[in-house]
$ cat entry07.cif   # mmCIF, C-alpha atoms and all ligand atoms
data_query
#
loop_
_atom_site.group_PDB
_atom_site.id
_atom_site.type_symbol
_atom_site.label_atom_id
_atom_site.label_comp_id
_atom_site.auth_asym_id
_atom_site.auth_seq_id
_atom_site.Cartn_x
_atom_site.Cartn_y
_atom_site.Cartn_z
ATOM 1 C CA MET Q 53 15.216 41.501 -57.534
ATOM 2 C CA ASN Q 54 18.073 39.882 -59.317
ATOM 3 C CA LYS Q 55 16.556 36.790 -60.891
ATOM 4 C CA ARG Q 56 19.144 34.136 -61.673
ATOM 5 C CA ILE Q 57 18.374 32.004 -64.643
ATOM 6 C CA VAL Q 58 19.430 28.440 -63.934
ATOM 7 C CA SER Q 59 19.899 26.671 -67.245
ATOM 8 C CA ALA Q 60 18.857 23.038 -67.532
ATOM 9 C CA ARG Q 61 21.618 20.460 -67.646
ATOM 10 C CA GLN Q 62 22.399 19.205 -71.112
ATOM 11 C CA ALA Q 63 23.536 15.686 -71.925
ATOM 12 C CA LYS Q 64 27.216 16.676 -72.132
ATOM 13 C CA ASP Q 65 27.058 18.098 -68.593
ATOM 14 C CA TYR Q 66 26.695 14.548 -67.244
ATOM 15 C CA LEU Q 67 30.115 13.518 -68.586
ATOM 16 C CA SER Q 68 32.979 13.456 -66.101
ATOM 17 C CA THR Q 69 36.381 14.888 -66.918
ATOM 18 C CA LEU Q 70 37.850 11.405 -67.455
ATOM 19 C CA LYS Q 71 38.392 10.546 -71.097
ATOM 20 C CA PRO Q 72 37.201 7.018 -71.939
ATOM 21 C CA ILE Q 73 39.982 4.591 -72.758
ATOM 22 C CA TRP Q 74 37.715 2.322 -74.794
ATOM 23 C CA CYS Q 75 38.979 1.376 -78.271
ATOM 24 C CA PRO Q 76 37.833 3.777 -81.013
ATOM 25 C CA GLY Q 77 34.519 2.452 -82.330
ATOM 26 C CA CYS Q 78 33.626 0.488 -79.181
ATOM 27 C CA GLY Q 79 29.863 0.192 -78.733
ATOM 28 C CA ASP Q 80 30.151 1.340 -75.118
ATOM 29 C CA PHE Q 81 30.601 4.959 -76.305
ATOM 30 C CA GLY Q 82 27.023 4.867 -77.611
ATOM 31 C CA VAL Q 83 25.748 3.598 -74.255
ATOM 32 C CA LEU Q 84 27.615 6.394 -72.441
ATOM 33 C CA ASN Q 85 26.034 8.990 -74.755
ATOM 34 C CA ALA Q 86 22.601 7.454 -74.328
ATOM 35 C CA LEU Q 87 22.908 7.508 -70.534
ATOM 36 C CA THR Q 88 23.768 11.215 -70.580
ATOM 37 C CA MET Q 89 20.785 11.889 -72.858
ATOM 38 C CA ALA Q 90 18.464 9.929 -70.572
ATOM 39 C CA PHE Q 91 19.719 11.808 -67.481
ATOM 40 C CA ALA Q 92 19.200 15.145 -69.234
ATOM 41 C CA ARG Q 93 15.716 14.125 -70.329
ATOM 42 C CA LEU Q 94 14.819 13.202 -66.752
ATOM 43 C CA ALA Q 95 16.579 16.348 -65.476
ATOM 44 C CA LEU Q 96 18.385 14.201 -62.906
ATOM 45 C CA LYS Q 97 20.653 15.924 -60.449
ATOM 46 C CA PRO Q 98 23.994 14.104 -60.158
ATOM 47 C CA GLU Q 99 23.411 13.619 -56.437
ATOM 48 C CA GLN Q 100 20.135 11.778 -57.162
ATOM 49 C CA TYR Q 101 21.627 8.726 -58.843
ATOM 50 C CA VAL Q 102 24.408 6.181 -58.404
ATOM 51 C CA ILE Q 103 26.044 4.146 -61.148
ATOM 52 C CA VAL Q 104 27.199 0.723 -59.965
ATOM 53 C CA SER Q 105 29.362 -1.576 -62.070
ATOM 54 C CA GLY Q 106 31.475 -4.711 -61.858
ATOM 55 C CA ILE Q 107 34.703 -5.293 -63.784
ATOM 56 C CA GLY Q 108 35.130 -5.264 -67.537
ATOM 57 C CA CYS Q 109 35.500 -2.721 -70.331
ATOM 58 C CA SER Q 110 31.801 -1.871 -69.967
ATOM 59 C CA SER Q 111 32.118 -1.594 -66.201
ATOM 60 C CA ARG Q 112 34.354 1.463 -66.577
ATOM 61 C CA MET Q 113 31.132 3.419 -67.094
ATOM 62 C CA PRO Q 114 30.820 5.035 -63.596
ATOM 63 C CA GLY Q 115 34.147 6.818 -64.067
ATOM 64 C CA TYR Q 116 32.962 8.565 -67.203
ATOM 65 C CA LEU Q 117 29.783 10.004 -65.700
ATOM 66 C CA GLN Q 118 29.157 12.823 -63.252
ATOM 67 C CA GLY Q 119 27.675 11.781 -59.933
ATOM 68 C CA TYR Q 120 28.303 8.967 -57.515
ATOM 69 C CA GLY Q 121 29.667 5.685 -58.800
ATOM 70 C CA PHE Q 122 30.894 2.337 -57.565
ATOM 71 C CA HIS Q 123 33.323 0.390 -59.760
ATOM 72 C CA GLY Q 124 33.108 -2.852 -57.898
ATOM 73 C CA ILE Q 125 33.941 -6.520 -58.170
ATOM 74 C CA HIS Q 126 33.379 -8.733 -61.216
ATOM 75 C CA GLY Q 127 29.898 -10.274 -60.966
ATOM 76 C CA ARG Q 128 28.914 -8.435 -57.800
ATOM 77 C CA ALA Q 129 27.378 -5.210 -59.047
ATOM 78 C CA LEU Q 130 23.816 -6.332 -58.332
ATOM 79 C CA PRO Q 131 24.365 -7.229 -54.657
ATOM 80 C CA VAL Q 132 26.037 -3.846 -54.160
ATOM 81 C CA ALA Q 133 23.150 -2.100 -55.918
ATOM 82 C CA THR Q 134 20.590 -4.047 -53.866
ATOM 83 C CA GLY Q 135 22.245 -3.081 -50.593
ATOM 84 C CA LEU Q 136 22.451 0.542 -51.653
ATOM 85 C CA LYS Q 137 18.795 0.637 -52.683
ATOM 86 C CA LEU Q 138 17.742 -0.928 -49.381
ATOM 87 C CA VAL Q 139 19.304 1.842 -47.354
ATOM 88 C CA ARG Q 140 18.813 4.730 -49.826
ATOM 89 C CA SER Q 141 15.538 4.045 -51.597
ATOM 90 C CA ASP Q 142 15.415 7.741 -52.557
ATOM 91 C CA LEU Q 143 18.269 7.293 -55.061
ATOM 92 C CA ASP Q 144 18.045 6.045 -58.637
ATOM 93 C CA VAL Q 145 20.423 3.108 -58.755
ATOM 94 C CA ILE Q 146 21.688 2.175 -62.210
ATOM 95 C CA VAL Q 147 23.849 -0.867 -62.834
ATOM 96 C CA THR Q 148 26.087 -0.826 -65.931
ATOM 97 C CA ILE Q 149 27.758 -4.171 -66.607
ATOM 98 C CA GLY Q 150 28.872 -6.579 -69.333
ATOM 99 C CA ASP Q 151 27.387 -9.910 -70.359
ATOM 100 C CA GLY Q 152 30.104 -11.754 -68.438
ATOM 101 C CA ASP Q 153 29.350 -9.789 -65.305
ATOM 102 C CA ALA Q 154 25.572 -10.119 -65.634
ATOM 103 C CA TYR Q 155 25.054 -13.627 -66.942
ATOM 104 C CA GLY Q 156 28.328 -15.464 -66.211
ATOM 105 C CA ILE Q 157 29.955 -14.895 -62.844
ATOM 106 C CA GLY Q 158 27.042 -12.712 -61.672
ATOM 107 C CA GLY Q 159 24.273 -14.881 -63.129
ATOM 108 C CA ASN Q 160 23.025 -16.018 -59.762
ATOM 109 C CA HIS Q 161 22.675 -12.431 -58.549
ATOM 110 C CA PHE Q 162 20.884 -11.502 -61.761
ATOM 111 C CA LEU Q 163 18.268 -14.221 -61.136
ATOM 112 C CA HIS Q 164 17.577 -13.171 -57.590
ATOM 113 C CA ALA Q 165 17.543 -9.434 -58.234
ATOM 114 C CA ALA Q 166 14.854 -10.155 -60.846
ATOM 115 C CA ARG Q 167 12.935 -12.505 -58.553
ATOM 116 C CA ARG Q 168 12.945 -9.963 -55.741
ATOM 117 C CA ASN Q 169 12.077 -7.126 -58.110
ATOM 118 C CA VAL Q 170 14.809 -4.944 -56.682
ATOM 119 C CA ASP Q 171 14.158 -1.361 -57.779
ATOM 120 C CA VAL Q 172 17.285 -0.877 -59.892
ATOM 121 C CA THR Q 173 17.913 -0.397 -63.604
ATOM 122 C CA CYS Q 174 20.265 -3.030 -64.973
ATOM 123 C CA VAL Q 175 21.934 -2.000 -68.233
ATOM 124 C CA VAL Q 176 23.819 -4.934 -69.727
ATOM 125 C CA MET Q 177 26.292 -4.021 -72.447
ATOM 126 C CA ASP Q 178 26.316 -7.287 -74.317
ATOM 127 C CA ASN Q 179 29.294 -7.623 -76.664
ATOM 128 C CA ARG Q 180 29.062 -11.433 -76.664
ATOM 129 C CA ILE Q 181 32.663 -11.831 -75.397
ATOM 130 C CA TYR Q 182 34.882 -11.285 -72.351
ATOM 131 C CA ALA Q 183 36.624 -8.251 -73.784
ATOM 132 C CA MET Q 184 38.700 -6.890 -70.928
ATOM 133 C CA THR Q 185 40.504 -10.208 -70.512
ATOM 134 C CA LYS Q 186 41.136 -10.419 -74.255
ATOM 135 C CA GLY Q 187 38.417 -12.326 -75.958
ATOM 136 C CA GLN Q 188 37.276 -15.438 -74.126
ATOM 137 C CA LEU Q 189 33.894 -17.129 -74.654
ATOM 138 C CA SER Q 190 31.019 -15.505 -72.767
ATOM 139 C CA PRO Q 191 27.549 -16.877 -71.964
ATOM 140 C CA THR Q 192 26.138 -15.060 -75.013
ATOM 141 C CA THR Q 193 28.819 -15.996 -77.582
ATOM 142 C CA PRO Q 194 27.051 -17.615 -80.560
ATOM 143 C CA LEU Q 195 27.421 -21.347 -81.116
ATOM 144 C CA GLY Q 196 30.374 -22.244 -83.324
ATOM 145 C CA ASP Q 197 32.266 -18.948 -82.850
ATOM 146 C CA VAL Q 198 36.017 -19.010 -82.494
ATOM 147 C CA THR Q 199 37.263 -17.198 -79.396
ATOM 148 C CA ALA Q 200 40.495 -17.198 -77.389
ATOM 149 C CA THR Q 201 39.203 -20.186 -75.437
ATOM 150 C CA THR Q 202 37.284 -21.965 -78.234
ATOM 151 C CA GLN Q 203 39.785 -22.312 -81.044
ATOM 152 C CA GLY Q 204 37.726 -24.996 -82.737
ATOM 153 C CA GLY Q 205 34.474 -23.028 -82.377
ATOM 154 C CA SER Q 206 32.172 -22.825 -79.368
ATOM 155 C CA VAL Q 207 30.195 -25.963 -78.631
ATOM 156 C CA GLU Q 208 27.998 -24.187 -76.054
ATOM 157 C CA PRO Q 209 24.577 -22.854 -77.014
ATOM 158 C CA PRO Q 210 24.300 -19.211 -75.926
ATOM 159 C CA LEU Q 211 22.037 -18.068 -73.141
ATOM 160 C CA ARG Q 212 18.891 -16.122 -74.033
ATOM 161 C CA PRO Q 213 19.189 -13.354 -71.425
ATOM 162 C CA LEU Q 214 15.763 -11.822 -71.837
ATOM 163 C CA LEU Q 215 13.999 -15.176 -71.435
ATOM 164 C CA LEU Q 216 15.966 -15.611 -68.262
ATOM 165 C CA ALA Q 217 15.038 -12.122 -67.028
ATOM 166 C CA LEU Q 218 11.357 -12.710 -67.781
ATOM 167 C CA ALA Q 219 11.266 -16.157 -66.212
ATOM 168 C CA ALA Q 220 13.042 -14.913 -63.108
ATOM 169 C CA GLY Q 221 10.588 -12.057 -62.519
ATOM 170 C CA ALA Q 222 12.009 -8.851 -64.004
ATOM 171 C CA THR Q 223 9.210 -6.319 -64.436
ATOM 172 C CA PHE Q 224 10.669 -4.215 -67.279
ATOM 173 C CA VAL Q 225 12.434 -6.083 -70.062
ATOM 174 C CA ALA Q 226 13.899 -4.419 -73.142
ATOM 175 C CA ARG Q 227 16.608 -4.828 -75.774
ATOM 176 C CA ALA Q 228 18.351 -1.978 -77.611
ATOM 177 C CA CYS Q 229 21.600 -1.267 -79.420
ATOM 178 C CA SER Q 230 24.513 1.083 -78.867
ATOM 179 C CA TRP Q 231 24.475 2.534 -82.390
ATOM 180 C CA GLU Q 232 21.046 4.138 -81.968
ATOM 181 C CA PRO Q 233 21.689 6.177 -78.799
ATOM 182 C CA LYS Q 234 18.507 8.271 -79.048
ATOM 183 C CA ARG Q 235 16.239 5.239 -79.012
ATOM 184 C CA LEU Q 236 18.396 3.663 -76.339
ATOM 185 C CA ALA Q 237 18.093 6.868 -74.276
ATOM 186 C CA THR Q 238 14.309 6.645 -74.424
ATOM 187 C CA LEU Q 239 14.377 3.088 -73.081
ATOM 188 C CA LEU Q 240 16.926 4.031 -70.418
ATOM 189 C CA ALA Q 241 14.758 6.915 -69.228
ATOM 190 C CA GLN Q 242 11.716 4.608 -69.105
ATOM 191 C CA GLY Q 243 13.736 1.964 -67.275
ATOM 192 C CA ILE Q 244 15.021 4.465 -64.703
ATOM 193 C CA ARG Q 245 11.483 5.708 -64.085
ATOM 194 C CA HIS Q 246 10.115 2.140 -63.846
ATOM 195 C CA ARG Q 247 9.605 0.996 -60.268
ATOM 196 C CA GLY Q 248 11.114 -2.485 -60.054
ATOM 197 C CA PHE Q 249 13.859 -4.518 -61.704
ATOM 198 C CA ALA Q 250 14.380 -3.113 -65.189
ATOM 199 C CA VAL Q 251 16.624 -5.050 -67.548
ATOM 200 C CA ILE Q 252 17.889 -3.270 -70.649
ATOM 201 C CA GLU Q 253 20.054 -5.559 -72.736
ATOM 202 C CA VAL Q 254 22.134 -3.431 -75.100
ATOM 203 C CA LEU Q 255 23.875 -4.942 -78.115
ATOM 204 C CA SER Q 256 27.189 -3.118 -77.786
ATOM 205 C CA PRO Q 257 29.749 -4.539 -80.209
ATOM 206 C CA CYS Q 258 33.394 -5.052 -79.308
ATOM 207 C CA VAL Q 259 35.228 -3.928 -82.441
ATOM 208 C CA THR Q 260 38.490 -5.449 -81.255
ATOM 209 C CA PHE Q 261 37.551 -9.006 -80.308
ATOM 210 C CA ARG Q 262 34.342 -9.443 -82.368
ATOM 211 C CA PRO Q 263 34.715 -7.193 -85.425
ATOM 212 C CA GLU Q 264 32.170 -9.437 -87.179
ATOM 213 C CA ASP Q 265 29.458 -7.972 -84.916
ATOM 214 C CA ARG Q 266 29.477 -4.775 -86.995
ATOM 215 C CA THR Q 267 27.001 -6.670 -89.211
ATOM 216 C CA LEU Q 268 24.455 -6.771 -86.373
ATOM 217 C CA ARG Q 269 23.385 -3.317 -87.603
ATOM 218 C CA GLU Q 270 21.894 -4.908 -90.680
ATOM 219 C CA ARG Q 271 20.143 -7.663 -88.769
ATOM 220 C CA VAL Q 272 18.267 -5.881 -85.997
ATOM 221 C CA VAL Q 273 14.589 -4.951 -86.263
ATOM 222 C CA TRP Q 274 12.660 -2.645 -83.925
ATOM 223 C CA HIS Q 275 9.570 -4.036 -82.274
ATOM 224 C CA ASP Q 276 7.344 -0.980 -82.033
ATOM 225 C CA ARG Q 277 4.376 -2.609 -80.326
ATOM 226 C CA GLU Q 278 3.265 -1.605 -76.846
ATOM 227 C CA PRO Q 279 4.887 -3.693 -74.103
ATOM 228 C CA THR Q 280 2.735 -6.627 -73.063
ATOM 229 C CA HIS Q 281 1.750 -7.757 -69.551
ATOM 230 C CA ASP Q 282 1.676 -11.342 -70.733
ATOM 231 C CA LEU Q 283 4.818 -13.306 -69.910
ATOM 232 C CA LEU Q 284 4.542 -15.811 -72.754
ATOM 233 C CA GLU Q 285 3.811 -13.123 -75.324
ATOM 234 C CA ALA Q 286 6.831 -11.193 -74.083
ATOM 235 C CA MET Q 287 9.032 -14.279 -74.350
ATOM 236 C CA GLN Q 288 7.853 -14.810 -77.898
ATOM 237 C CA ALA Q 289 8.519 -11.178 -78.825
ATOM 238 C CA ALA Q 290 12.012 -11.327 -77.303
ATOM 239 C CA LEU Q 291 12.795 -14.425 -79.372
ATOM 240 C CA GLU Q 292 11.609 -12.958 -82.675
ATOM 241 C CA GLY Q 293 14.161 -12.174 -85.366
ATOM 242 C CA ASP Q 294 16.654 -14.649 -84.012
ATOM 243 C CA GLY Q 295 16.788 -12.727 -80.728
ATOM 244 C CA LEU Q 296 17.822 -9.533 -82.513
ATOM 245 C CA THR Q 297 14.519 -7.704 -82.174
ATOM 246 C CA LEU Q 298 14.810 -4.435 -80.285
ATOM 247 C CA GLY Q 299 12.264 -2.651 -78.114
ATOM 248 C CA LEU Q 300 10.401 -2.796 -74.847
ATOM 249 C CA PHE Q 301 8.782 -6.224 -74.622
ATOM 250 C CA TYR Q 302 7.346 -6.366 -71.127
ATOM 251 C CA GLN Q 303 6.363 -4.015 -68.335
ATOM 252 C CA VAL Q 304 4.269 -4.867 -65.286
ATOM 253 C CA GLY Q 305 3.914 -3.511 -61.771
ATOM 254 C CA ARG Q 306 4.531 -5.630 -58.704
ATOM 255 C CA PRO Q 307 5.799 -4.853 -55.183
ATOM 256 C CA VAL Q 308 9.472 -4.058 -55.074
ATOM 257 C CA PHE Q 309 12.002 -5.483 -52.649
ATOM 258 C CA CYS Q 310 12.427 -2.184 -50.865
ATOM 259 C CA GLY Q 311 9.829 0.395 -50.025
ATOM 260 C CA GLU Q 312 6.691 -1.712 -50.256
ATOM 261 C CA SER Q 313 7.940 -5.079 -49.010
ATOM 262 C CA GLU Q 314 6.891 -6.028 -45.510
ATOM 263 C CA VAL Q 315 10.446 -6.612 -44.410
ATOM 264 C CA HIS Q 316 11.569 -3.177 -45.506
ATOM 265 C CA ARG Q 317 8.594 -1.420 -43.896
ATOM 266 C CA GLU Q 318 9.404 -2.898 -40.528
ATOM 267 C CA VAL Q 319 13.142 -2.314 -40.691
ATOM 268 C CA PRO Q 320 14.402 1.006 -39.326
ATOM 269 C CA MET Q 321 17.210 2.756 -41.169
ATOM 270 C CA PRO Q 322 20.355 0.947 -39.923
ATOM 271 C CA LYS Q 323 22.775 3.005 -37.849
ATOM 272 C CA SER Q 324 25.502 0.458 -38.480
ATOM 273 C CA PRO Q 325 25.627 -2.471 -40.927
ATOM 274 C CA ARG Q 326 25.508 -4.970 -38.050
ATOM 275 C CA ARG Q 327 22.478 -3.352 -36.433
ATOM 276 C CA GLY Q 328 20.842 -3.211 -39.845
ATOM 277 C CA LEU Q 329 21.313 -6.955 -40.242
ATOM 278 C CA ASP Q 330 19.896 -7.594 -36.772
ATOM 279 C CA ALA Q 331 16.812 -5.557 -37.668
ATOM 280 C CA VAL Q 332 16.295 -7.463 -40.928
ATOM 281 C CA LEU Q 333 16.662 -10.816 -39.158
ATOM 282 C CA ALA Q 334 14.308 -9.717 -36.372
ATOM 283 C CA ALA Q 335 11.727 -8.718 -38.986
ATOM 284 C CA LEU Q 336 12.100 -12.166 -40.539
ATOM 285 C CA GLY Q 337 11.726 -13.807 -37.113
ATOM 286 C CA GLU Q 338 15.266 -15.129 -37.242
ATOM 287 C CA SER Q 339 18.219 -14.694 -34.934
ATOM 288 C CA ALA Q 340 21.559 -13.174 -35.880
ATOM 289 C CA ALA Q 341 23.189 -15.881 -33.741
ATOM 290 C CA GLN Q 342 22.455 -18.400 -36.494
ATOM 291 C CA ASP Q 343 25.173 -17.155 -38.838
HETATM 292 C C1 LIG O 1 36.309 -12.635 -59.534
HETATM 293 C C2 LIG O 1 36.942 -12.320 -60.849
HETATM 294 N N1 LIG O 1 37.001 -13.287 -61.792
HETATM 295 C C3 LIG O 1 37.558 -13.012 -62.988
HETATM 296 C C4 LIG O 1 38.060 -11.776 -63.244
HETATM 297 C C5 LIG O 1 38.706 -11.499 -64.580
HETATM 298 N N2 LIG O 1 37.830 -10.737 -65.447
HETATM 299 C C6 LIG O 1 37.867 -9.382 -65.478
HETATM 300 S S1 LIG O 1 36.800 -8.728 -66.567
HETATM 301 C C7 LIG O 1 36.266 -10.281 -67.018
HETATM 302 C C8 LIG O 1 35.239 -10.488 -68.093
HETATM 303 C C9 LIG O 1 34.651 -9.244 -68.600
HETATM 304 O O1 LIG O 1 33.617 -9.533 -69.508
HETATM 305 P P1 LIG O 1 32.279 -8.745 -69.440
HETATM 306 O O2 LIG O 1 31.727 -8.727 -68.088
HETATM 307 O O3 LIG O 1 31.394 -9.277 -70.517
HETATM 308 O O4 LIG O 1 32.732 -7.248 -69.774
HETATM 309 P P2 LIG O 1 33.457 -6.641 -71.070
HETATM 310 O O5 LIG O 1 34.913 -6.502 -70.730
HETATM 311 O O6 LIG O 1 33.219 -7.554 -72.222
HETATM 312 O O7 LIG O 1 32.785 -5.322 -71.244
HETATM 313 C C10 LIG O 1 36.925 -11.279 -66.306
HETATM 314 C C11 LIG O 1 36.689 -12.726 -66.494
HETATM 315 C C12 LIG O 1 37.980 -10.798 -62.231
HETATM 316 N N3 LIG O 1 38.402 -9.558 -62.410
HETATM 317 N N4 LIG O 1 37.416 -11.103 -61.056
HETATM 318 S S1 LIG O 2 38.257 -4.409 -76.128
HETATM 319 FE FE1 LIG O 2 36.216 -4.348 -77.061
HETATM 320 S S2 LIG O 2 34.786 -3.894 -75.385
HETATM 321 FE FE2 LIG O 2 36.860 -3.384 -74.698
HETATM 322 S S3 LIG O 2 37.081 -1.200 -75.148
HETATM 323 FE FE3 LIG O 2 37.909 -2.338 -76.892
HETATM 324 S S4 LIG O 2 36.192 -2.506 -78.326
HETATM 325 FE FE4 LIG O 2 35.334 -1.958 -76.326
#
$ encode --input "entry07.cif" --output "structure tokens"
Amino acid sequence: MNKRIVSARQAKDYLSTLKPIWCPGCGDFGVLNALTMAFARLALKPEQYVIVSGIGCSSRMPGYLQGYGFHGIHGRALPVATGLKLVRSDLDVIVTIGDGDAYGIGGNHFLHAARRNVDVTCVVMDNRIYAMTKGQLSPTTPLGDVTATTQGGSVEPPLRPLLLALAAGATFVARACSWEPKRLATLLAQGIRHRGFAVIEVLSPCVTFRPEDRTLRERVVWHDREPTHDLLEAMQAALEGDGLTLGLFYQVGRPVFCGESEVHREVPMPKSPRRGLDAVLAALGESAAQD
């Protein structure tokens, strides 16, 4: 018998044929590499996962990876990912977005995806600026920093994204950096395998609009403790080191929005979006005529 040897996919096999147009030195290259390493480690088949993004430099990610992708609308990656996961719970759904997409325009969706514990992996490439639109203040820009829209220095205190994720109900909460792709890949693989809303905040410097963030390399510290199940302990760990501590802070299990939730169990696979909505409303005891 002619036995065919099927070689395992290597990280580079997950790259698409599109060449990234990111600036040389952009942190997002490290995130792309780490994603390919994580996929190879999990031996994912390209048809098993979908990469969903919004708009921004970071949101170009789906184009650079093999497999299905959705380069969507600024701030709306999470609703798209939620809908996809509801109808195709067999797929790994991975959201790759920027800090503007996740915490600014899409902040409301971020809160509710966490609260519902939607089973998606949310990778936020945080460069602390709106890069694609040329350097405006973002929700994570440090206080006092000069940007295109804060010429006298920002007067807004930055958001603490991981506290927000924890408070809202995310069940896997981690921080990593783009310049250590192997460690990032480990967290990405864990996040993809986690059942529930996994938030991986990645410090991914924009060399063009925040060249000063190159110094973050000297300021980060890895938190090598086991993740806690205690919310307050996790919040404390995420705040350590001026919010520049890296690692997996929190991981707990709780029912996810699809699969185990009562609503999902009772809802048949929709044959059309409208019929799907009717089924969801019927399961909730509500009428479609209300909207
Ligand atoms: C609804 C909508 N509002 C605003 C924009 C303009 N816009 C495009 S990208 C972007 C910000 C991108 O910042 P971020 O999400 O942090 O990604 P980055 O480019 O920094 O990776 C904005 C405001 C848009 N495309 N759509
Ligand atoms: S502008 Fe910044 S975030 Fe965008 S590709 Fe260039 S370095 Fe990366």
$ residues_near_ligand --input "entry07.cif" --ligand "ligand LIG 2 (chain O)" --cutoff "10 Å" --atoms "all atoms listed in the file" --output "JSON, numbers by chain"
{"Q": [72, 73, 74, 75, 76, 77, 78, 79, 80, 81, 108, 109, 110, 111, 112, 150, 177, 178, 179, 180, 181, 182, 183, 184, 185, 186, 187, 256, 257, 258, 259, 260, 261, 262, 263]}
$ write_last_selection --input "entry07.cif" --atoms "C-alpha atoms" --output "compact mmCIF listing (two decimals), in the coordinates of the input"
# COMPACT_ATOMS: atom_id res chain seq x y z
CA PRO Q 72 37.20 7.02 -71.94
CA ILE Q 73 39.98 4.59 -72.76
CA TRP Q 74 37.72 2.32 -74.79
CA CYS Q 75 38.98 1.38 -78.27
CA PRO Q 76 37.83 3.78 -81.01
CA GLY Q 77 34.52 2.45 -82.33
CA CYS Q 78 33.63 0.49 -79.18
CA GLY Q 79 29.86 0.19 -78.73
CA ASP Q 80 30.15 1.34 -75.12
CA PHE Q 81 30.60 4.96 -76.31
CA GLY Q 108 35.13 -5.26 -67.54
CA CYS Q 109 35.50 -2.72 -70.33
CA SER Q 110 31.80 -1.87 -69.97
CA SER Q 111 32.12 -1.59 -66.20
CA ARG Q 112 34.35 1.46 -66.58
CA GLY Q 150 28.87 -6.58 -69.33
CA MET Q 177 26.29 -4.02 -72.45
CA ASP Q 178 26.32 -7.29 -74.32
CA ASN Q 179 29.29 -7.62 -76.66
CA ARG Q 180 29.06 -11.43 -76.66
CA ILE Q 181 32.66 -11.83 -75.40
CA TYR Q 182 34.88 -11.28 -72.35
CA ALA Q 183 36.62 -8.25 -73.78
CA MET Q 184 38.70 -6.89 -70.93
CA THR Q 185 40.50 -10.21 -70.51
CA LYS Q 186 41.14 -10.42 -74.26
CA GLY Q 187 38.42 -12.33 -75.96
CA SER Q 256 27.19 -3.12 -77.79
CA PRO Q 257 29.75 -4.54 -80.21
CA CYS Q 258 33.39 -5.05 -79.31
CA VAL Q 259 35.23 -3.93 -82.44
CA THR Q 260 38.49 -5.45 -81.26
CA PHE Q 261 37.55 -9.01 -80.31
CA ARG Q 262 34.34 -9.44 -82.37
CA PRO Q 263 34.72 -7.19 -85.42
$ resolve_selection --input "entry07.cif" --expression "the PyMOL selection byres (((chain Q and resi 199-212) around 12) and not hetatm)" --output "PyMOL selection string"
chain Q and resi 151-152+154-156+159+178+180-183+185-198+213-219+227+253+260-263+287-288+290-292+294-296
$ residues_around --input "entry07.cif" --residues "Gln100 (chain Q)" --least-positions-apart "4" --cutoff "7 Å" --atoms "all atoms listed in the file" --output "ChimeraX atom specification"
/Q:96,143-144
$ closest_residue --input "entry07.cif" --among "Q:Val83, Q:Ala133, Q:Leu138, Q:Val304" --to "ligand LIG 1 (chain O)" --atoms "only C-alpha atoms and all ligand atoms"
Q:Val83
$ closest_residue --input "entry07.cif" --among "Q:Ile103, Q:Leu67, Q:Val225, Q:Leu240" --to "Val147 (chain Q)" --atoms "all atoms listed in the file"
Q:Ile103
$ atom_distance --input "entry07.cif" --atom1 "CA of Val251 (chain Q)" --atom2 "CA of Ala237 (chain Q)"
13.8 Å
$ atom_distance --input "entry07.cif" --atom1 "CA of Asp265 (chain Q)" --atom2 "atom O1 of ligand LIG 1 (chain O)"
16.0 Å
$ resolve_selection --input "entry07.cif" --expression "the PyMOL selection byres (((chain Q and resi 297) around 6) and not hetatm)" --output "compact mmCIF listing (two decimals) with C-alpha atoms, keeping the file's coordinate frame"
# COMPACT_ATOMS: atom_id res chain seq x y z
CA VAL Q 272 18.27 -5.88 -86.00
CA VAL Q 273 14.59 -4.95 -86.26
CA TRP Q 274 12.66 -2.64 -83.92
CA GLY Q 293 14.16 -12.17 -85.37
CA GLY Q 295 16.79 -12.73 -80.73
CA LEU Q 296 17.82 -9.53 -82.51
CA LEU Q 298 14.81 -4.43 -80.28
$ decode --input "entry07.cif" --residues "region 199-213 of chain Q" --atoms "C-alpha atoms" --output "CSV table (one decimal), in the first residue's frame"
chain,number,residue,atom,x,y,z
Q,199,THR,CA,-1.2,63.4,19.8
Q,200,ALA,CA,-2.7,64.8,16.6
Q,201,THR,CA,-5.8,65.8,18.6
Q,202,THR,CA,-4.1,66.7,21.9
Q,203,GLN,CA,-1.4,69.2,21.0
Q,204,GLY,CA,-1.2,70.4,24.5
Q,205,GLY,CA,-1.1,66.9,26.0
Q,206,SER,CA,-4.0,64.6,26.8
Q,207,VAL,CA,-6.1,65.6,29.7
Q,208,GLU,CA,-8.0,62.2,29.7
Q,209,PRO,CA,-6.9,59.4,32.1
Q,210,PRO,CA,-6.5,56.2,30.1
Q,211,LEU,CA,-8.8,53.3,30.4
Q,212,ARG,CA,-7.5,50.2,32.2
Q,213,PRO,CA,-8.8,47.6,29.7
